[in-house]
Amino acid sequence: MIEFRAVHKRFPNGTTAVHDLTLSMPAGGITVLVGSSGCGKTTTLRMINRMVEPTSGTIHVDGRDVCSQDAALLRRSIGYVIQQSGLFPHRTVLDNIATVPLLLGWGRRRARARAAGLLETVGLPPDAGRRYPHQLSGGQQQRVGVARALAADPPVLLMDEPFGAVDPVVRTQLQDELLRLQRDLGKTVVFVTHDIDEAVRLGDRIAVFRTGGHLVQCAAPAELLARPADPFVADFLGAERALMLLSLIPLGDLPGAPAPEGGRWELVLGPGRRPEGWRDRSAADGDGALLPVRPLRDGDSLLSALNESVGSPCGLVVRVDAGGALTGVTSREEIHERAGSAHASAALAADACPRAAPLPLDHTPGDTA
Ligand SMILES: Nc1ncnc2c1ncn2[C@@H]1O[C@H](COP(=O)(O)OP(=O)(O)OP(=O)(O)O)[C@@H](O)[C@H]1O
């Protein structure tokens, strides 16, 4: 969907923000751009909708060179979400969302109907439409920002640290919403973040940049974590790289076993076979207090399971179905064993998967787009 070929950006003050970037972003996927501050992520993103013009090289969106298109029309055909939501403070939420459809000449009634529908899509109540941006929380404003970017149903969505200014709980909710929207709408998303956890959670592919606008590696999250291209990428991924890989593996990959009976630890169940806690049968009165249990579902990650197994008094992780009823338990040993093999198998898969062939370059250095 989006192809950078030998793109270079040098600002008039002599700063090279992007250096010889060749990168392909597949349709319908989320490509995340990560790297430390000033490495050229935002500049790369903004060249896609021509808010920044490349110095040389070409960028194609859906087969068309962006530089051959009218910049204003191009921008209206590409959704754009930024960190502080960028909403117009004196317009209602509904009018904010309707901005691009109105610019495209949709007519007021149709644009507002579309905006009202999008409120629901992004998880806001209908009455939010009548409010002004300052009457919403930061997280709600970001949702409006996403709705506004989706209003004209663009195939491409550019998101520049959209969840950077909200607290971690809201951030996780917004990430979940984005993944849900992406499953439903299948947009091609380019997402900029500093946060490697966010990149691993959201990205189908992650492009790691280093200062000077150099792309160092672009790969699927598991491949990146298992096979960082060089020490810079390994350092950037951090000391918990191996654990992060476990966040990509669902607990459902491991079989469950029946809860133990007759041993020291008894799993106490409430109505509907809901786990309530572990009881220590060896306690002096034979009726020890319940130790809390945090049951997991098949869709939870192996990282969560490892965490629970470390905290569990008997080393067992308790598993439930979507309704919260007990389905079984999995032992710390099984989780450790699977965790140990996860890295090796991701590395093997990365080695078996042929690297993307470089784009054919019909560009010669120094060409100006
Ligand atoms: N308009 C501009 N004029 C001159 N230099 C600029 C301009 N915009 C960005 N730069 C410089 O280009 C480099 C890349 O900036 P860019 O904003 O793309 O980085 P970034 O990776 O998005 O950083 P951050 O994560 O801090 O937002 C930086 O050195 C920055 O100072």
# chains A, B, ... in the order shown; residues from 1 in each chain; ligands from 1
>>> residues_near_ligand(ligand="ligand 1", cutoff="12 Å", atoms="only C-alpha atoms and all ligand atoms", output="count of residues only")
51
>>> select_by_dssp(residues="segment 1-248 of chain A", states="helix (DSSP H, G or I)", output="ChimeraX atom specification")
/A:41-48,66-68,71-76,93-97,99-103,108-121,126-130,133-135,138-150,168-185,196-202,221-226,231-237,241-246
>>> closest_residue(among="A:Gln141, A:Asn49, A:Thr58, A:Thr121", to="Thr92 of chain A", atoms="only C-alpha atoms")
A:Gln141
>>> closest_residue(among="A:Val144, A:Ser312, A:Thr55, A:Arg50", to="Ala71 of chain A", atoms="only C-alpha atoms")
A:Arg50
>>> select_by_dssp(residues="segment 227-288 of chain A", states="strand (DSSP E)", output="PyMOL selection string")
chain A and resi 265-269+275-280
>>> write_last_selection(atoms="N, CA and C atoms", output="mmCIF file, in the first residue's frame")
data_model
loop_
_atom_site.group_PDB
_atom_site.id
_atom_site.type_symbol
_atom_site.label_atom_id
_atom_site.label_comp_id
_atom_site.auth_asym_id
_atom_site.auth_seq_id
_atom_site.Cartn_x
_atom_site.Cartn_y
_atom_site.Cartn_z
ATOM 1 N N TRP A 265 -2.846 -27.882 48.597
ATOM 2 C CA TRP A 265 -3.600 -26.696 48.163
ATOM 3 C C TRP A 265 -4.922 -27.093 47.518
ATOM 4 N N GLU A 266 -5.971 -26.477 47.997
ATOM 5 C CA GLU A 266 -7.298 -26.765 47.438
ATOM 6 C C GLU A 266 -7.805 -25.504 46.727
ATOM 7 N N LEU A 267 -8.266 -25.673 45.486
ATOM 8 C CA LEU A 267 -8.843 -24.540 44.763
ATOM 9 C C LEU A 267 -10.326 -24.450 45.136
ATOM 10 N N VAL A 268 -10.687 -23.348 45.780
ATOM 11 C CA VAL A 268 -12.077 -23.194 46.234
ATOM 12 C C VAL A 268 -12.885 -22.535 45.122
ATOM 13 N N LEU A 269 -14.018 -23.186 44.792
ATOM 14 C CA LEU A 269 -14.876 -22.657 43.722
ATOM 15 C C LEU A 269 -16.160 -22.095 44.312
ATOM 16 N N PRO A 275 -13.487 -19.726 40.265
ATOM 17 C CA PRO A 275 -12.423 -19.859 41.269
ATOM 18 C C PRO A 275 -12.436 -18.682 42.253
ATOM 19 N N GLU A 276 -12.361 -18.998 43.547
ATOM 20 C CA GLU A 276 -12.394 -17.937 44.564
ATOM 21 C C GLU A 276 -11.065 -17.770 45.286
ATOM 22 N N GLY A 277 -10.244 -18.824 45.305
ATOM 23 C CA GLY A 277 -8.944 -18.686 45.966
ATOM 24 C C GLY A 277 -8.359 -20.054 46.288
ATOM 25 N N TRP A 278 -7.099 -20.022 46.757
ATOM 26 C CA TRP A 278 -6.418 -21.255 47.187
ATOM 27 C C TRP A 278 -6.515 -21.370 48.703
ATOM 28 N N ARG A 279 -6.853 -22.553 49.197
ATOM 29 C CA ARG A 279 -6.870 -22.781 50.639
ATOM 30 C C ARG A 279 -5.750 -23.761 50.991
ATOM 31 N N ASP A 280 -5.004 -23.427 52.065
ATOM 32 C CA ASP A 280 -3.907 -24.281 52.515
ATOM 33 C C ASP A 280 -4.465 -25.290 53.520
#
>>> residues_around(residues="segment 333-336 of chain A", least_positions_apart="5", cutoff="10 Å", atoms="only C-alpha atoms", output="list in words")
Leu251, Leu254, Pro255, Gly256, Leu302, Leu303, Ala305, Leu306, Ser309, Gly315, Leu316, Val317, Ser341 and Ala342 of chain A
>>> closest_residue(among="A:Gly323, A:Gly328, A:Gly203, A:Pro231", to="Pro260 of chain A", atoms="only C-alpha atoms")
A:Gly328
>>> atom_distance(atom1="atom CA of Asp65 of chain A", atom2="atom CA of Thr99 of chain A")
25.6 Å
>>> atom_distance(atom1="atom CA of Gly238 of chain A", atom2="atom CA of Ala226 of chain A")
12.3 Å
>>> atom_distance(atom1="atom CA of Val233 of chain A", atom2="atom CA of Gln217 of chain A")
7.6 Å
>>> residues_around(residues="Leu174 of chain A", least_positions_apart="3", cutoff="9 Å", atoms="only C-alpha atoms", output="JSON, numbers by chain")
{"A": [139, 142, 143, 163, 169, 170, 171, 177, 178, 179]}
>>> closest_residue(among="A:Asp253, A:Asp184, A:Asp153, A:Glu261", to="Gly299 of chain A", atoms="only C-alpha atoms")
A:Asp253
>>> residues_around(residues="Leu104 of chain A", least_positions_apart="2", cutoff="10 Å", atoms="only C-alpha atoms", output="PyMOL selection string")
chain A and resi 73+76-77+99-102+106-107+111+152
>>> decode(residues="segment 109-240 of chain A", atoms="C-alpha atoms", output="PDB file, in the first residue's frame")
ATOM      1  CA  ARG A 109     -26.892  16.292   7.040  1.00  0.00           C
ATOM      2  CA  ARG A 110     -24.905  13.370   5.615  1.00  0.00           C
ATOM      3  CA  ALA A 111     -21.647  14.508   7.252  1.00  0.00           C
ATOM      4  CA  ARG A 112     -23.299  14.801  10.685  1.00  0.00           C
ATOM      5  CA  ALA A 113     -25.008  11.417  10.322  1.00  0.00           C
ATOM      6  CA  ARG A 114     -21.648   9.876   9.519  1.00  0.00           C
ATOM      7  CA  ALA A 115     -20.106  11.651  12.529  1.00  0.00           C
ATOM      8  CA  ALA A 116     -22.861  10.381  14.839  1.00  0.00           C
ATOM      9  CA  GLY A 117     -22.271   6.806  13.616  1.00  0.00           C
ATOM     10  CA  LEU A 118     -18.546   7.138  14.257  1.00  0.00           C
ATOM     11  CA  LEU A 119     -19.110   8.187  17.864  1.00  0.00           C
ATOM     12  CA  GLU A 120     -20.418   4.709  18.495  1.00  0.00           C
ATOM     13  CA  THR A 121     -17.656   3.079  16.454  1.00  0.00           C
ATOM     14  CA  VAL A 122     -15.007   4.612  18.712  1.00  0.00           C
ATOM     15  CA  GLY A 123     -16.912   3.815  21.913  1.00  0.00           C
ATOM     16  CA  LEU A 124     -18.331   7.231  22.846  1.00  0.00           C
ATOM     17  CA  PRO A 125     -21.916   7.847  24.019  1.00  0.00           C
ATOM     18  CA  PRO A 126     -24.235   9.723  21.602  1.00  0.00           C
ATOM     19  CA  ASP A 127     -24.463  12.777  23.896  1.00  0.00           C
ATOM     20  CA  ALA A 128     -20.697  13.325  23.573  1.00  0.00           C
ATOM     21  CA  GLY A 129     -21.408  14.726  20.106  1.00  0.00           C
ATOM     22  CA  ARG A 130     -22.974  17.899  21.514  1.00  0.00           C
ATOM     23  CA  ARG A 131     -20.080  18.641  23.856  1.00  0.00           C
ATOM     24  CA  TYR A 132     -16.951  20.682  23.190  1.00  0.00           C
ATOM     25  CA  PRO A 133     -13.520  19.024  23.313  1.00  0.00           C
ATOM     26  CA  HIS A 134     -12.587  20.537  26.708  1.00  0.00           C
ATOM     27  CA  GLN A 135     -15.670  18.836  28.210  1.00  0.00           C
ATOM     28  CA  LEU A 136     -14.161  15.395  27.488  1.00  0.00           C
ATOM     29  CA  SER A 137     -11.337  13.481  29.197  1.00  0.00           C
ATOM     30  CA  GLY A 138      -7.985  13.134  27.435  1.00  0.00           C
ATOM     31  CA  GLY A 139      -8.787   9.545  26.446  1.00  0.00           C
ATOM     32  CA  GLN A 140     -12.190  10.554  25.061  1.00  0.00           C
ATOM     33  CA  GLN A 141     -10.585  13.371  23.075  1.00  0.00           C
ATOM     34  CA  GLN A 142      -8.216  10.850  21.523  1.00  0.00           C
ATOM     35  CA  ARG A 143     -11.214   8.727  20.531  1.00  0.00           C
ATOM     36  CA  VAL A 144     -12.730  11.782  18.842  1.00  0.00           C
ATOM     37  CA  GLY A 145      -9.410  12.313  17.066  1.00  0.00           C
ATOM     38  CA  VAL A 146      -9.583   8.745  15.734  1.00  0.00           C
ATOM     39  CA  ALA A 147     -13.246   9.217  14.696  1.00  0.00           C
ATOM     40  CA  ARG A 148     -12.351  12.416  12.861  1.00  0.00           C
ATOM     41  CA  ALA A 149      -9.528  10.644  11.020  1.00  0.00           C
ATOM     42  CA  LEU A 150     -11.909   7.847   9.985  1.00  0.00           C
ATOM     43  CA  ALA A 151     -14.745  10.163   8.892  1.00  0.00           C
ATOM     44  CA  ALA A 152     -14.177  10.024   5.156  1.00  0.00           C
ATOM     45  CA  ASP A 153     -13.346   6.309   5.349  1.00  0.00           C
ATOM     46  CA  PRO A 154      -9.738   6.709   4.165  1.00  0.00           C
ATOM     47  CA  PRO A 155      -7.825   3.516   3.356  1.00  0.00           C
ATOM     48  CA  VAL A 156      -4.745   4.844   5.180  1.00  0.00           C
ATOM     49  CA  LEU A 157      -4.483   6.096   8.760  1.00  0.00           C
ATOM     50  CA  LEU A 158      -1.379   7.924  10.018  1.00  0.00           C
ATOM     51  CA  MET A 159      -1.077   7.993  13.821  1.00  0.00           C
ATOM     52  CA  ASP A 160       1.674  10.033  15.500  1.00  0.00           C
ATOM     53  CA  GLU A 161       2.007   8.962  19.151  1.00  0.00           C
ATOM     54  CA  PRO A 162      -1.779   9.092  19.437  1.00  0.00           C
ATOM     55  CA  PHE A 163      -1.880   7.543  22.921  1.00  0.00           C
ATOM     56  CA  GLY A 164       1.251   9.195  24.315  1.00  0.00           C
ATOM     57  CA  ALA A 165      -0.532  11.669  26.593  1.00  0.00           C
ATOM     58  CA  VAL A 166      -2.958   9.385  28.451  1.00  0.00           C
ATOM     59  CA  ASP A 167      -2.430   7.242  31.543  1.00  0.00           C
ATOM     60  CA  PRO A 168      -1.423   3.574  31.148  1.00  0.00           C
ATOM     61  CA  VAL A 169      -4.908   2.154  31.822  1.00  0.00           C
ATOM     62  CA  VAL A 170      -6.619   4.378  29.249  1.00  0.00           C
ATOM     63  CA  ARG A 171      -3.734   3.758  26.901  1.00  0.00           C
ATOM     64  CA  THR A 172      -4.312  -0.001  27.037  1.00  0.00           C
ATOM     65  CA  GLN A 173      -8.035   0.548  26.415  1.00  0.00           C
ATOM     66  CA  LEU A 174      -7.289   2.752  23.395  1.00  0.00           C
ATOM     67  CA  GLN A 175      -4.832   0.172  22.049  1.00  0.00           C
ATOM     68  CA  ASP A 176      -7.507  -2.536  22.407  1.00  0.00           C
ATOM     69  CA  GLU A 177      -9.982  -0.306  20.572  1.00  0.00           C
ATOM     70  CA  LEU A 178      -7.521   0.311  17.773  1.00  0.00           C
ATOM     71  CA  LEU A 179      -6.930  -3.432  17.358  1.00  0.00           C
ATOM     72  CA  ARG A 180     -10.685  -4.035  17.293  1.00  0.00           C
ATOM     73  CA  LEU A 181     -11.234  -1.243  14.753  1.00  0.00           C
ATOM     74  CA  GLN A 182      -8.409  -2.587  12.659  1.00  0.00           C
ATOM     75  CA  ARG A 183      -9.949  -6.075  12.633  1.00  0.00           C
ATOM     76  CA  ASP A 184     -13.305  -4.585  11.546  1.00  0.00           C
ATOM     77  CA  LEU A 185     -12.118  -1.913   9.121  1.00  0.00           C
ATOM     78  CA  GLY A 186      -8.820  -3.300   7.765  1.00  0.00           C
ATOM     79  CA  LYS A 187      -7.150   0.099   7.332  1.00  0.00           C
ATOM     80  CA  THR A 188      -3.482   0.443   6.470  1.00  0.00           C
ATOM     81  CA  VAL A 189      -2.110   2.045   9.614  1.00  0.00           C
ATOM     82  CA  VAL A 190       1.257   3.738  10.131  1.00  0.00           C
ATOM     83  CA  PHE A 191       1.797   4.282  13.854  1.00  0.00           C
ATOM     84  CA  VAL A 192       4.619   6.234  15.507  1.00  0.00           C
ATOM     85  CA  THR A 193       5.586   5.530  19.113  1.00  0.00           C
ATOM     86  CA  HIS A 194       8.552   5.671  21.502  1.00  0.00           C
ATOM     87  CA  ASP A 195       7.184   2.753  23.432  1.00  0.00           C
ATOM     88  CA  ILE A 196       8.446  -0.668  22.404  1.00  0.00           C
ATOM     89  CA  ASP A 197       5.719  -2.465  24.412  1.00  0.00           C
ATOM     90  CA  GLU A 198       3.099  -0.548  22.455  1.00  0.00           C
ATOM     91  CA  ALA A 199       4.901  -1.370  19.194  1.00  0.00           C
ATOM     92  CA  VAL A 200       4.988  -5.107  19.981  1.00  0.00           C
ATOM     93  CA  ARG A 201       1.336  -5.076  21.042  1.00  0.00           C
ATOM     94  CA  LEU A 202       0.023  -3.252  17.965  1.00  0.00           C
ATOM     95  CA  GLY A 203       2.427  -3.860  15.125  1.00  0.00           C
ATOM     96  CA  ASP A 204       2.190  -6.383  12.327  1.00  0.00           C
ATOM     97  CA  ARG A 205       5.582  -5.002  11.392  1.00  0.00           C
ATOM     98  CA  ILE A 206       7.941  -2.829  13.381  1.00  0.00           C
ATOM     99  CA  ALA A 207      10.462  -0.498  11.760  1.00  0.00           C
ATOM    100  CA  VAL A 208      13.305   0.517  14.082  1.00  0.00           C
ATOM    101  CA  PHE A 209      15.098   3.788  13.306  1.00  0.00           C
ATOM    102  CA  ARG A 210      18.263   5.239  14.760  1.00  0.00           C
ATOM    103  CA  THR A 211      19.460   8.817  14.942  1.00  0.00           C
ATOM    104  CA  GLY A 212      20.122  10.367  11.572  1.00  0.00           C
ATOM    105  CA  GLY A 213      16.976   8.844  10.093  1.00  0.00           C
ATOM    106  CA  HIS A 214      18.488   5.422   9.376  1.00  0.00           C
ATOM    107  CA  LEU A 215      16.152   2.444   9.229  1.00  0.00           C
ATOM    108  CA  VAL A 216      17.951  -0.370  11.019  1.00  0.00           C
ATOM    109  CA  GLN A 217      15.447  -3.219  10.847  1.00  0.00           C
ATOM    110  CA  CYS A 218      11.872  -3.815   9.813  1.00  0.00           C
ATOM    111  CA  ALA A 219      10.316  -7.124  10.816  1.00  0.00           C
ATOM    112  CA  ALA A 220       7.343  -8.795  12.454  1.00  0.00           C
ATOM    113  CA  PRO A 221       7.465  -8.404  16.263  1.00  0.00           C
ATOM    114  CA  ALA A 222       8.442 -12.029  16.986  1.00  0.00           C
ATOM    115  CA  GLU A 223      11.242 -11.916  14.451  1.00  0.00           C
ATOM    116  CA  LEU A 224      12.496  -8.592  15.771  1.00  0.00           C
ATOM    117  CA  LEU A 225      12.553  -9.901  19.344  1.00  0.00           C
ATOM    118  CA  ALA A 226      14.138 -13.223  18.443  1.00  0.00           C
ATOM    119  CA  ARG A 227      16.614 -11.906  15.899  1.00  0.00           C
ATOM    120  CA  PRO A 228      17.501  -8.244  16.403  1.00  0.00           C
ATOM    121  CA  ALA A 229      19.608  -7.186  13.440  1.00  0.00           C
ATOM    122  CA  ASP A 230      22.400  -5.626  15.486  1.00  0.00           C
ATOM    123  CA  PRO A 231      23.383  -4.532  19.007  1.00  0.00           C
ATOM    124  CA  PHE A 232      21.593  -1.184  18.526  1.00  0.00           C
ATOM    125  CA  VAL A 233      18.232  -2.904  17.958  1.00  0.00           C
ATOM    126  CA  ALA A 234      18.904  -5.379  20.793  1.00  0.00           C
ATOM    127  CA  ASP A 235      19.667  -2.462  23.147  1.00  0.00           C
ATOM    128  CA  PHE A 236      16.595  -0.592  22.015  1.00  0.00           C
ATOM    129  CA  LEU A 237      14.391  -3.624  22.671  1.00  0.00           C
ATOM    130  CA  GLY A 238      15.832  -3.758  26.174  1.00  0.00           C
ATOM    131  CA  ALA A 239      16.771  -6.334  28.763  1.00  0.00           C
ATOM    132  CA  GLU A 240      13.269  -7.841  28.826  1.00  0.00           C
TER     133      GLU A 240
END
